[in-house]
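Remarks on the structure that follows.
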Amino acid sequence: PRWKDGDAAAVTQASIERIRLLLYDYKERLRDEFCKLDPHDTGAIAKKDWAEVMGRVVALKLPWLHLREHFVPLRGRDKVEYKPFIEELRASFTAANSSMEVPVPEYIYRNLPELEACFRLLDGSGSGVVSRQDFGKA
(Lines give C-alpha, C1' and ligand atoms only; values in the text may rest on other atoms or scores of the structure.)
Protein backbone atom coordinates (compact mmCIF):
# COMPACT_ATOMS: atom_id res chain seq x y z
CA PRO A 1 0.00 0.00 0.00
CA ARG A 2 1.05 3.58 -0.68
CA TRP A 3 1.85 6.05 2.07
CA LYS A 4 -0.71 8.78 2.57
CA ASP A 5 -0.29 12.26 4.02
CA GLY A 6 0.21 11.98 7.75
CA ASP A 7 1.28 8.32 7.73
CA ALA A 8 4.94 9.12 8.48
CA ALA A 9 3.94 11.39 11.36
CA ALA A 10 1.67 8.70 12.78
CA VAL A 11 4.40 6.07 12.53
CA THR A 12 6.88 8.46 14.19
CA GLN A 13 4.44 9.14 17.02
CA ALA A 14 3.81 5.41 17.47
CA SER A 15 7.58 4.83 17.67
CA ILE A 16 7.96 7.57 20.29
CA GLU A 17 5.18 6.02 22.36
CA ARG A 18 6.84 2.62 22.14
CA ILE A 19 10.12 4.16 23.37
CA ARG A 20 8.20 5.78 26.26
CA LEU A 21 6.95 2.34 27.26
CA LEU A 22 10.50 1.04 27.34
CA LEU A 23 11.70 4.06 29.33
CA TYR A 24 9.21 3.31 32.11
CA ASP A 25 11.47 0.48 33.32
CA TYR A 26 14.40 2.90 33.65
CA LYS A 27 12.65 5.85 35.30
CA GLU A 28 14.34 5.51 38.71
CA ARG A 29 17.84 5.04 37.28
CA LEU A 30 17.33 7.95 34.91
CA ARG A 31 16.14 10.18 37.76
CA ASP A 32 19.16 9.21 39.87
CA GLU A 33 21.59 9.95 37.03
CA PHE A 34 19.94 13.28 36.20
CA CYS A 35 20.02 14.30 39.87
CA LYS A 36 23.75 13.59 40.03
CA LEU A 37 24.20 16.11 37.21
CA ASP A 38 21.96 18.64 38.97
CA PRO A 39 23.46 19.07 42.47
CA HIS A 40 21.57 22.34 43.09
CA ASP A 41 18.21 20.76 42.17
CA THR A 42 17.43 23.26 39.41
CA GLY A 43 15.50 20.69 37.38
CA ALA A 44 17.67 21.31 34.33
CA ILE A 45 20.80 19.73 32.86
CA ALA A 46 22.76 20.21 29.65
CA LYS A 47 21.21 18.72 26.51
CA LYS A 48 24.33 16.72 25.76
CA ASP A 49 24.37 15.33 29.32
CA TRP A 50 20.72 14.31 29.00
CA ALA A 51 21.44 12.49 25.73
CA GLU A 52 24.52 10.79 27.20
CA VAL A 53 22.57 9.55 30.24
CA MET A 54 19.72 8.29 28.04
CA GLY A 55 22.12 6.31 25.87
CA ARG A 56 24.06 4.88 28.81
CA VAL A 57 21.15 3.98 31.10
CA VAL A 58 18.64 2.80 28.51
CA ALA A 59 21.30 1.15 26.34
CA LEU A 60 19.42 1.94 23.13
CA LYS A 61 21.59 3.35 20.39
CA LEU A 62 19.22 6.12 19.35
CA PRO A 63 19.90 9.71 18.28
CA TRP A 64 18.76 11.06 21.66
CA LEU A 65 19.68 14.67 20.85
CA HIS A 66 17.42 14.55 17.79
CA LEU A 67 14.64 12.83 19.74
CA ARG A 68 14.90 15.28 22.64
CA GLU A 69 11.99 17.44 21.51
CA HIS A 70 9.64 14.46 21.96
CA PHE A 71 10.63 13.94 25.58
CA VAL A 72 11.97 17.04 27.34
CA PRO A 73 11.44 20.78 26.94
CA LEU A 74 14.34 23.17 26.52
CA ARG A 75 15.37 25.67 29.15
CA GLY A 76 17.30 28.34 27.34
CA ARG A 77 19.44 27.21 24.42
CA ASP A 78 21.42 24.29 25.80
CA LYS A 79 19.61 22.90 28.83
CA VAL A 80 16.64 20.57 29.19
CA GLU A 81 14.09 20.26 31.97
CA TYR A 82 14.24 16.65 33.07
CA LYS A 83 11.78 16.70 35.99
CA PRO A 84 8.58 16.84 33.86
CA PHE A 85 9.98 13.94 31.83
CA ILE A 86 10.49 11.81 34.96
CA GLU A 87 7.05 12.77 36.31
CA GLU A 88 5.46 11.77 33.02
CA LEU A 89 7.18 8.37 33.22
CA ARG A 90 5.74 7.96 36.72
CA ALA A 91 2.19 8.80 35.61
CA SER A 92 -0.37 6.40 36.95
CA PHE A 93 -4.09 5.96 36.92
CA THR A 94 -6.62 4.19 39.09
CA ALA A 95 -8.18 1.24 37.34
CA ALA A 96 -11.96 1.36 37.09
CA ASN A 97 -13.71 -0.25 40.06
CA SER A 98 -10.40 -0.78 41.82
CA SER A 99 -8.37 0.98 44.46
CA MET A 100 -5.15 -0.45 43.01
CA GLU A 101 -2.96 2.04 41.18
CA VAL A 102 -1.36 0.73 38.01
CA PRO A 103 1.20 2.82 36.12
CA VAL A 104 -0.07 3.50 32.61
CA PRO A 105 3.08 2.29 30.79
CA GLU A 106 3.18 -0.89 32.87
CA TYR A 107 -0.52 -1.56 32.19
CA ILE A 108 0.00 -1.08 28.45
CA TYR A 109 3.18 -3.17 28.42
CA ARG A 110 1.46 -6.04 30.26
CA ASN A 111 -1.39 -5.98 27.75
CA LEU A 112 0.68 -5.29 24.64
CA PRO A 113 -0.20 -8.51 22.75
CA GLU A 114 -3.93 -7.82 23.18
CA LEU A 115 -3.52 -4.20 22.15
CA GLU A 116 -1.49 -5.20 19.09
CA ALA A 117 -4.21 -7.68 18.12
CA CYS A 118 -6.84 -4.93 18.41
CA PHE A 119 -4.67 -2.63 16.33
CA ARG A 120 -4.30 -5.24 13.60
CA LEU A 121 -8.08 -5.67 13.51
CA LEU A 122 -8.58 -1.92 13.16
CA ASP A 123 -5.82 -1.53 10.55
CA GLY A 124 -7.87 -2.81 7.63
CA SER A 125 -5.41 -1.57 5.01
CA GLY A 126 -2.40 -3.21 6.68
CA SER A 127 -0.47 0.06 6.48
CA GLY A 128 0.55 0.10 10.14
CA VAL A 129 -1.62 3.16 10.72
CA VAL A 130 -5.26 3.21 11.78
CA SER A 131 -6.91 5.88 9.67
CA ARG A 132 -10.24 7.51 10.46
CA GLN A 133 -11.66 5.44 7.62
CA ASP A 134 -10.31 2.19 9.16
CA PHE A 135 -11.65 3.25 12.55
CA GLY A 136 -15.05 4.08 11.07
CA LYS A 137 -15.30 0.66 9.43
CA ALA A 138 -14.60 -1.06 12.77
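By order of appearance in the C-alpha coordinates: chains A, B, ..., then residues from 1 within every chain, and ligands from 1 in the order shown.
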**Request:** Determine which residues of chain A DSSP labels as alpha helix (DSSP H) from the backbone of this structure, then write them out as a PyMOL selection string.
**Result:** chain A and resi 7-24+27-36+47-58+64-67+83-89+104-110+112-122+132-137
**Asked** Out of chain A, which residues get strand (DSSP E or B) from DSSP, as a PyMOL selection string?
**Response** chain A and resi 44-46+74-75+79-81+92-94+101-103
**Prompt:** Skipping near chain neighbours, those fewer than 5 positions away, what residues fall within 12 Å of range 69-75 of chain A using only C-alpha atoms, listed as a PyMOL selection string?
**Reply:** chain A and resi 12-17+19-20+23+42-48+50-51+54+63-64+80-89
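Note that CA of Asp41 in chain A and CA of Tyr26 in chain A are 20.1 Å apart.
If only C-alpha atoms are the atoms counted, then among A:Leu22, A:Leu112, A:Gly124, A:Arg29 the closest residue to Leu60 in chain A is A:Leu22.
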**Request:** Find the residues around Lys137 in chain A up to 12 Å (only C-alpha atoms counted), leave out those fewer than 3 positions away in its own chain, and share them as a list in words.
**Result:** Leu121, Leu122, Asp123, Gly124, Ser125, Val130, Ser131, Arg132, Gln133 and Asp134 of chain A
Please produce a file of those selected residues containing N, CA and C atoms, as a short mmCIF file (atom, residue, chain, number, x, y, z; two decimals), in the first residue's frame.
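Generated output (part_4.cif):
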data_model
loop_
_atom_site.label_atom_id
_atom_site.label_comp_id
_atom_site.auth_asym_id
_atom_site.auth_seq_id
_atom_site.Cartn_x
_atom_site.Cartn_y
_atom_site.Cartn_z
N LEU A 121 -6.69 -5.58 13.94
CA LEU A 121 -8.08 -5.67 13.51
C LEU A 121 -8.58 -4.33 12.96
N LEU A 122 -8.15 -3.25 13.60
CA LEU A 122 -8.58 -1.92 13.16
C LEU A 122 -7.85 -1.47 11.89
N ASP A 123 -6.64 -1.94 11.70
CA ASP A 123 -5.82 -1.53 10.55
C ASP A 123 -6.20 -2.36 9.33
N GLY A 124 -7.35 -2.05 8.76
CA GLY A 124 -7.87 -2.81 7.63
C GLY A 124 -6.99 -2.79 6.40
N SER A 125 -6.25 -1.69 6.20
CA SER A 125 -5.41 -1.57 5.01
C SER A 125 -4.06 -2.25 5.19
N VAL A 130 -3.81 3.29 11.76
CA VAL A 130 -5.26 3.21 11.78
C VAL A 130 -5.80 4.58 11.36
N SER A 131 -6.36 4.63 10.17
CA SER A 131 -6.91 5.88 9.67
C SER A 131 -8.32 6.07 10.23
N ARG A 132 -8.86 7.26 10.04
CA ARG A 132 -10.24 7.51 10.46
C ARG A 132 -11.18 6.58 9.70
N GLN A 133 -10.84 6.33 8.45
CA GLN A 133 -11.66 5.44 7.62
C GLN A 133 -11.64 4.02 8.19
N ASP A 134 -10.44 3.52 8.54
CA ASP A 134 -10.31 2.19 9.16
C ASP A 134 -11.12 2.14 10.46
#
**Prompt:** By how many Å are CA of Arg68 in chain A and CA of Gly128 in chain A apart?
**Reply:** 24.3 Å
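Put simply, CA of Val58 in chain A is 28.5 Å away from CA of Arg120 in chain A.
Minimum distance to Tyr107 in chain A across A:Phe34, A:Tyr24, A:Phe119, A:Phe135 (counting only C-alpha atoms) occurs at A:Tyr24.
Remark: for Leu37 in chain A, the closest of the candidate residues A:Lys79, A:Asp25, A:Glu116, A:Arg18 is A:Lys79 (distances computed over only C-alpha atoms).
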